[in-house]
$ cat start_7.cif   # mmCIF, C-alpha atoms
data_data
loop_
_atom_site.label_atom_id
_atom_site.label_comp_id
_atom_site.auth_asym_id
_atom_site.auth_seq_id
_atom_site.Cartn_x
_atom_site.Cartn_y
_atom_site.Cartn_z
CA MET X 185 6.90 7.97 12.44
CA VAL X 186 6.26 8.21 8.70
CA HIS X 187 8.48 6.75 5.99
CA HIS X 188 8.18 7.27 2.22
CA GLU X 189 9.86 5.21 -0.48
CA ARG X 190 9.33 4.58 -4.19
CA ILE X 191 7.94 1.09 -4.80
CA PRO X 192 10.68 0.12 -7.31
CA ALA X 193 13.42 1.07 -4.83
CA ARG X 194 11.96 -1.25 -2.19
CA ALA X 195 10.66 -4.07 -4.39
CA GLY X 196 13.72 -4.17 -6.67
CA ARG X 197 15.81 -5.40 -3.74
CA PHE X 198 13.54 -8.45 -3.59
CA ARG X 199 13.33 -9.00 -7.38
CA PHE X 200 9.79 -7.57 -7.20
CA ASP X 201 8.54 -10.59 -5.23
CA ILE X 202 7.99 -9.72 -1.57
CA GLU X 203 7.27 -12.77 0.58
CA PRO X 204 4.39 -12.70 3.07
CA HIS X 205 5.30 -10.90 6.28
CA VAL X 206 3.69 -8.76 8.97
CA HIS X 207 4.32 -5.37 10.62
CA ASP X 208 3.14 -5.38 14.21
CA ALA X 209 2.37 -1.65 14.59
CA LEU X 210 2.80 -0.16 11.12
CA LEU X 211 0.25 0.61 8.43
CA GLN X 212 1.34 0.78 4.79
CA VAL X 213 -0.37 2.61 1.95
CA LEU X 214 0.86 2.00 -1.58
CA TYR X 215 -0.09 4.28 -4.45
CA VAL X 216 0.58 2.21 -7.58
CA THR X 217 0.86 4.39 -10.69
CA ARG X 218 2.37 2.10 -13.36
CA ASP X 219 2.22 -1.59 -14.25
CA GLY X 220 1.09 -3.29 -11.05
CA GLY X 221 1.06 -6.95 -10.13
CA GLU X 222 -0.64 -8.79 -7.30
CA ALA X 223 -1.13 -8.12 -3.60
CA PHE X 224 -1.78 -10.86 -1.05
CA ILE X 225 -3.25 -9.62 2.23
CA ASP X 226 -4.66 -11.84 4.98
CA GLY X 227 -5.36 -14.70 2.59
CA THR X 228 -6.99 -12.58 -0.12
CA SER X 229 -5.37 -11.96 -3.50
CA TRP X 230 -5.90 -8.77 -5.49
CA HIS X 231 -4.81 -7.86 -9.01
CA LEU X 232 -3.37 -4.35 -8.97
CA ASP X 233 -5.02 -2.40 -11.78
CA VAL X 234 -3.35 1.02 -11.94
CA PRO X 235 -3.81 3.53 -10.62
CA CYS X 236 -4.81 2.17 -7.23
CA LEU X 237 -4.25 2.46 -3.51
CA VAL X 238 -3.32 -0.59 -1.45
CA ILE X 239 -4.13 -0.39 2.26
CA VAL X 240 -2.22 -2.78 4.54
CA PRO X 241 -3.18 -2.28 8.21
CA ALA X 242 -0.86 -3.27 11.05
CA ARG X 243 -0.81 -7.00 11.87
CA SER X 244 -2.01 -7.97 8.35
CA VAL X 245 0.00 -10.72 6.70
CA HIS X 246 0.91 -9.34 3.29
CA GLY X 247 3.13 -9.95 0.29
CA PHE X 248 3.41 -8.73 -3.28
CA ARG X 249 4.34 -9.99 -6.72
CA PHE X 250 5.02 -6.83 -8.71
CA LEU X 251 5.67 -6.43 -12.42
CA GLU X 252 9.22 -5.18 -13.04
CA GLY X 253 7.95 -1.92 -14.55
CA ILE X 254 5.98 -1.00 -11.45
CA ASP X 255 6.08 2.55 -10.18
CA GLY X 256 4.46 4.37 -7.33
CA HIS X 257 4.94 5.18 -3.68
CA VAL X 258 4.77 3.34 -0.39
CA ILE X 259 4.13 5.19 2.85
CA THR X 260 4.66 3.41 6.14
CA ALA X 261 3.36 4.98 9.35
CA ALA X 262 2.47 4.12 12.93
CA GLN X 263 -1.10 2.76 12.86
CA SER X 264 -2.06 4.05 16.31
CA ALA X 265 -0.86 7.59 15.59
CA LEU X 266 -2.80 7.74 12.32
CA GLU X 267 -5.93 6.41 14.00
CA SER X 268 -5.64 9.06 16.73
CA VAL X 269 -5.45 11.83 14.15
CA ALA X 270 -8.30 10.34 12.11
CA MET X 271 -10.48 9.94 15.20
CA SER X 272 -10.45 13.67 15.84
CA ALA X 273 -10.02 15.08 12.32
CA ALA X 274 -11.84 12.63 10.03
CA PRO X 275 -13.47 9.68 11.84
CA GLU X 276 -14.98 8.48 8.54
CA LEU X 277 -11.45 7.38 7.52
CA LEU X 278 -11.08 4.89 10.40
CA PRO X 279 -12.64 1.91 8.55
CA PHE X 280 -10.21 2.50 5.65
CA LEU X 281 -7.24 2.43 8.03
CA ARG X 282 -8.34 -0.79 9.72
CA MET X 283 -9.29 -3.07 6.83
CA PRO X 284 -7.06 -4.37 4.02
CA ALA X 285 -8.17 -3.12 0.62
CA VAL X 286 -7.17 -2.33 -2.92
CA LEU X 287 -9.01 0.80 -4.01
CA PRO X 288 -9.18 2.02 -7.61
CA VAL X 289 -8.22 5.62 -8.25
CA ASP X 290 -10.06 7.44 -11.03
CA PRO X 291 -7.39 8.35 -13.62
CA ALA X 292 -9.35 11.53 -14.44
CA SER X 293 -9.20 12.79 -10.85
CA ARG X 294 -6.73 15.43 -9.78
CA CYS X 295 -5.33 12.83 -7.34
CA CYS X 296 -3.71 11.08 -10.31
CA ALA X 297 -1.59 14.07 -11.25
CA PRO X 298 2.12 13.20 -11.21
CA ILE X 299 3.91 13.79 -7.90
#
$ encode --input "start_7.cif" --output "structure tokens"
Amino acid sequence: MVHHERIPARAGRFRFDIEPHVHDALLQVLYVTRDGGEAFIDGTSWHLDVPCLVIVPARSVHGFRFLEGIDGHVITAAQSALESVAMSAAPELLPFLRMPAVLPVDPASRCCAPI
């Protein structure tokens, strides 16, 4: 299972303030491309400097306070399925799938090209 949604479409329903909650078996990856806000994951608070990736593993308590101009993407997927694929195809990715993080993305990289 993989689900994609634009961050404003999801967050706008909650007035850009998403209360702390947990997904038992789902990992979320957010690619924040404009504005930003704050992420709260397992008791740690991060300022979202764009562009960045936000990694929210399954069973992590997380919430967000986004700026109203935020843009980007959120992908939700089954944690166990992604780990199985990573284990055989790219085991070096496993630590990134299992630990909450906010990772900067170099704006000069080709990964920042509009999608």
$ resolve_selection --input "start_7.cif" --expression "the PyMOL selection byres ((chain X and resi 222) around 10)" --output "list of chain:residue names"
X:Asp201, X:Gly220, X:Gly221, X:Ala223, X:Phe224, X:Ile225, X:Ser229, X:Trp230, X:His231, X:Leu232, X:Asp233, X:Gly247, X:Phe248, X:Arg249, X:Phe250, X:Leu251
$ closest_residue --input "start_7.cif" --among "X:Gly256, X:Gly227, X:Pro192, X:Pro275" --to "Val213 (chain X)" --atoms "all atoms listed in the file"
X:Gly256
$ residues_around --input "start_7.cif" --residues "Leu281 (chain X)" --least-positions-apart "2" --cutoff "8 Å" --atoms "all atoms listed in the file" --output "count of residues only"
10
$ resolve_selection --input "start_7.cif" --expression "the PyMOL selection byres ((chain X and resi 238) around 8)" --output "list in words"
Gln212, Val213, Leu214, Tyr215, Val216, Cys236, Leu237, Ile239, Val240, Pro284, Ala285, Val286 and Leu287 of chain X
$ atom_distance --input "start_7.cif" --atom1 "CA of Gly253 (chain X)" --atom2 "CA of Asp219 (chain X)"
5.7 Å
$ resolve_selection --input "start_7.cif" --expression "the PyMOL selection byres ((chain X and resi 205) around 9)" --output "list in words"
Ile202, Glu203, Pro204, Val206, His207, Ser244, Val245, His246 and Gly247 of chain X
$ closest_residue --input "start_7.cif" --among "X:Ile259, X:Leu266, X:Ala292, X:Val234" --to "Arg218 (chain X)" --atoms "only C-alpha atoms"
X:Val234
$ atom_distance --input "start_7.cif" --atom1 "CA of Arg294 (chain X)" --atom2 "CA of Pro235 (chain X)"
12.3 Å
$ residues_around --input "start_7.cif" --residues "Ala262 (chain X)" --least-positions-apart "5" --cutoff "8 Å" --atoms "all atoms listed in the file" --output "NGL selection string"
:X and (185-186 or 209-211)
$ atom_distance --input "start_7.cif" --atom1 "CA of Arg199 (chain X)" --atom2 "CA of Asp255 (chain X)"
13.9 Å
$ decode --input "start_7.cif" --residues "region 205-216 of chain X" --atoms "all heavy atoms" --output "mmCIF file, in the first residue's frame"
data_model
loop_
_atom_site.group_PDB
_atom_site.id
_atom_site.type_symbol
_atom_site.label_atom_id
_atom_site.label_comp_id
_atom_site.auth_asym_id
_atom_site.auth_seq_id
_atom_site.Cartn_x
_atom_site.Cartn_y
_atom_site.Cartn_z
ATOM 1 N N HIS X 205 -0.481 12.216 16.821
ATOM 2 C CA HIS X 205 -1.177 10.952 16.587
ATOM 3 C C HIS X 205 -0.147 9.912 16.175
ATOM 4 O O HIS X 205 1.034 10.226 16.044
ATOM 5 C CB HIS X 205 -2.263 11.116 15.513
ATOM 6 C CG HIS X 205 -1.728 11.506 14.174
ATOM 7 N ND1 HIS X 205 -1.273 12.780 13.869
ATOM 8 C CD2 HIS X 205 -1.535 10.775 13.043
ATOM 9 C CE1 HIS X 205 -0.851 12.827 12.623
ATOM 10 N NE2 HIS X 205 -0.987 11.613 12.094
ATOM 11 N N VAL X 206 -0.586 8.690 15.966
ATOM 12 C CA VAL X 206 0.331 7.603 15.633
ATOM 13 C C VAL X 206 -0.299 6.713 14.560
ATOM 14 O O VAL X 206 -1.520 6.566 14.519
ATOM 15 C CB VAL X 206 0.707 6.794 16.903
ATOM 16 C CG1 VAL X 206 -0.488 6.060 17.471
ATOM 17 C CG2 VAL X 206 1.854 5.866 16.653
ATOM 18 N N HIS X 207 0.535 6.161 13.690
ATOM 19 C CA HIS X 207 0.119 5.161 12.702
ATOM 20 C C HIS X 207 0.821 3.862 13.087
ATOM 21 O O HIS X 207 2.052 3.813 13.111
ATOM 22 C CB HIS X 207 0.520 5.567 11.284
ATOM 23 C CG HIS X 207 0.002 6.899 10.871
ATOM 24 N ND1 HIS X 207 -1.316 7.112 10.544
ATOM 25 C CD2 HIS X 207 0.609 8.098 10.743
ATOM 26 C CE1 HIS X 207 -1.497 8.379 10.212
ATOM 27 N NE2 HIS X 207 -0.333 9.006 10.338
ATOM 28 N N ASP X 208 0.055 2.836 13.352
ATOM 29 C CA ASP X 208 0.625 1.600 13.870
ATOM 30 C C ASP X 208 1.569 0.911 12.897
ATOM 31 O O ASP X 208 2.593 0.386 13.294
ATOM 32 C CB ASP X 208 -0.494 0.643 14.276
ATOM 33 C CG ASP X 208 0.050 -0.577 14.976
ATOM 34 O OD1 ASP X 208 0.881 -0.415 15.893
ATOM 35 O OD2 ASP X 208 -0.321 -1.700 14.587
ATOM 36 N N ALA X 209 1.246 0.890 11.600
ATOM 37 C CA ALA X 209 2.052 0.113 10.648
ATOM 38 C C ALA X 209 2.505 0.924 9.442
ATOM 39 O O ALA X 209 3.064 0.369 8.504
ATOM 40 C CB ALA X 209 1.254 -1.104 10.171
ATOM 41 N N LEU X 210 2.272 2.231 9.461
ATOM 42 C CA LEU X 210 2.544 3.057 8.289
ATOM 43 C C LEU X 210 3.686 4.029 8.521
ATOM 44 O O LEU X 210 3.747 4.707 9.548
ATOM 45 C CB LEU X 210 1.295 3.842 7.892
ATOM 46 C CG LEU X 210 0.060 3.009 7.588
ATOM 47 C CD1 LEU X 210 -1.144 3.919 7.366
ATOM 48 C CD2 LEU X 210 0.299 2.121 6.387
ATOM 49 N N LEU X 211 4.562 4.125 7.543
ATOM 50 C CA LEU X 211 5.632 5.109 7.521
ATOM 51 C C LEU X 211 5.177 6.277 6.653
ATOM 52 O O LEU X 211 4.495 6.069 5.645
ATOM 53 C CB LEU X 211 6.883 4.473 6.915
ATOM 54 C CG LEU X 211 8.013 5.431 6.559
ATOM 55 C CD1 LEU X 211 9.298 4.948 7.199
ATOM 56 C CD2 LEU X 211 8.185 5.504 5.057
ATOM 57 N N GLN X 212 5.530 7.494 7.044
ATOM 58 C CA GLN X 212 5.248 8.659 6.209
ATOM 59 C C GLN X 212 6.548 9.378 5.891
ATOM 60 O O GLN X 212 7.422 9.515 6.747
ATOM 61 C CB GLN X 212 4.286 9.626 6.905
ATOM 62 C CG GLN X 212 2.885 9.090 6.982
ATOM 63 C CD GLN X 212 1.914 10.127 7.502
ATOM 64 O OE1 GLN X 212 2.153 10.776 8.509
ATOM 65 N NE2 GLN X 212 0.801 10.274 6.805
ATOM 66 N N VAL X 213 6.639 9.828 4.646
ATOM 67 C CA VAL X 213 7.756 10.662 4.205
ATOM 68 C C VAL X 213 7.149 11.913 3.601
ATOM 69 O O VAL X 213 6.329 11.834 2.684
ATOM 70 C CB VAL X 213 8.640 9.940 3.163
ATOM 71 C CG1 VAL X 213 9.748 10.870 2.678
ATOM 72 C CG2 VAL X 213 9.221 8.660 3.743
ATOM 73 N N LEU X 214 7.528 13.059 4.144
ATOM 74 C CA LEU X 214 7.065 14.338 3.620
ATOM 75 C C LEU X 214 8.229 15.009 2.904
ATOM 76 O O LEU X 214 9.356 15.038 3.429
ATOM 77 C CB LEU X 214 6.583 15.251 4.742
ATOM 78 C CG LEU X 214 5.291 14.857 5.445
ATOM 79 C CD1 LEU X 214 5.525 13.760 6.459
ATOM 80 C CD2 LEU X 214 4.678 16.068 6.110
ATOM 81 N N TYR X 215 7.970 15.526 1.736
ATOM 82 C CA TYR X 215 8.942 16.332 0.995
ATOM 83 C C TYR X 215 8.379 17.745 0.986
ATOM 84 O O TYR X 215 7.415 18.036 0.287
ATOM 85 C CB TYR X 215 9.130 15.785 -0.418
ATOM 86 C CG TYR X 215 10.059 16.609 -1.293
ATOM 87 C CD1 TYR X 215 11.242 17.144 -0.796
ATOM 88 C CD2 TYR X 215 9.748 16.838 -2.624
ATOM 89 C CE1 TYR X 215 12.083 17.892 -1.603
ATOM 90 C CE2 TYR X 215 10.589 17.583 -3.442
ATOM 91 C CZ TYR X 215 11.755 18.099 -2.925
ATOM 92 O OH TYR X 215 12.602 18.839 -3.730
ATOM 93 N N VAL X 216 8.934 18.608 1.833
ATOM 94 C CA VAL X 216 8.434 19.968 2.011
ATOM 95 C C VAL X 216 9.212 20.885 1.077
ATOM 96 O O VAL X 216 10.435 20.982 1.161
ATOM 97 C CB VAL X 216 8.575 20.426 3.474
ATOM 98 C CG1 VAL X 216 7.967 21.807 3.659
ATOM 99 C CG2 VAL X 216 7.925 19.414 4.424
#
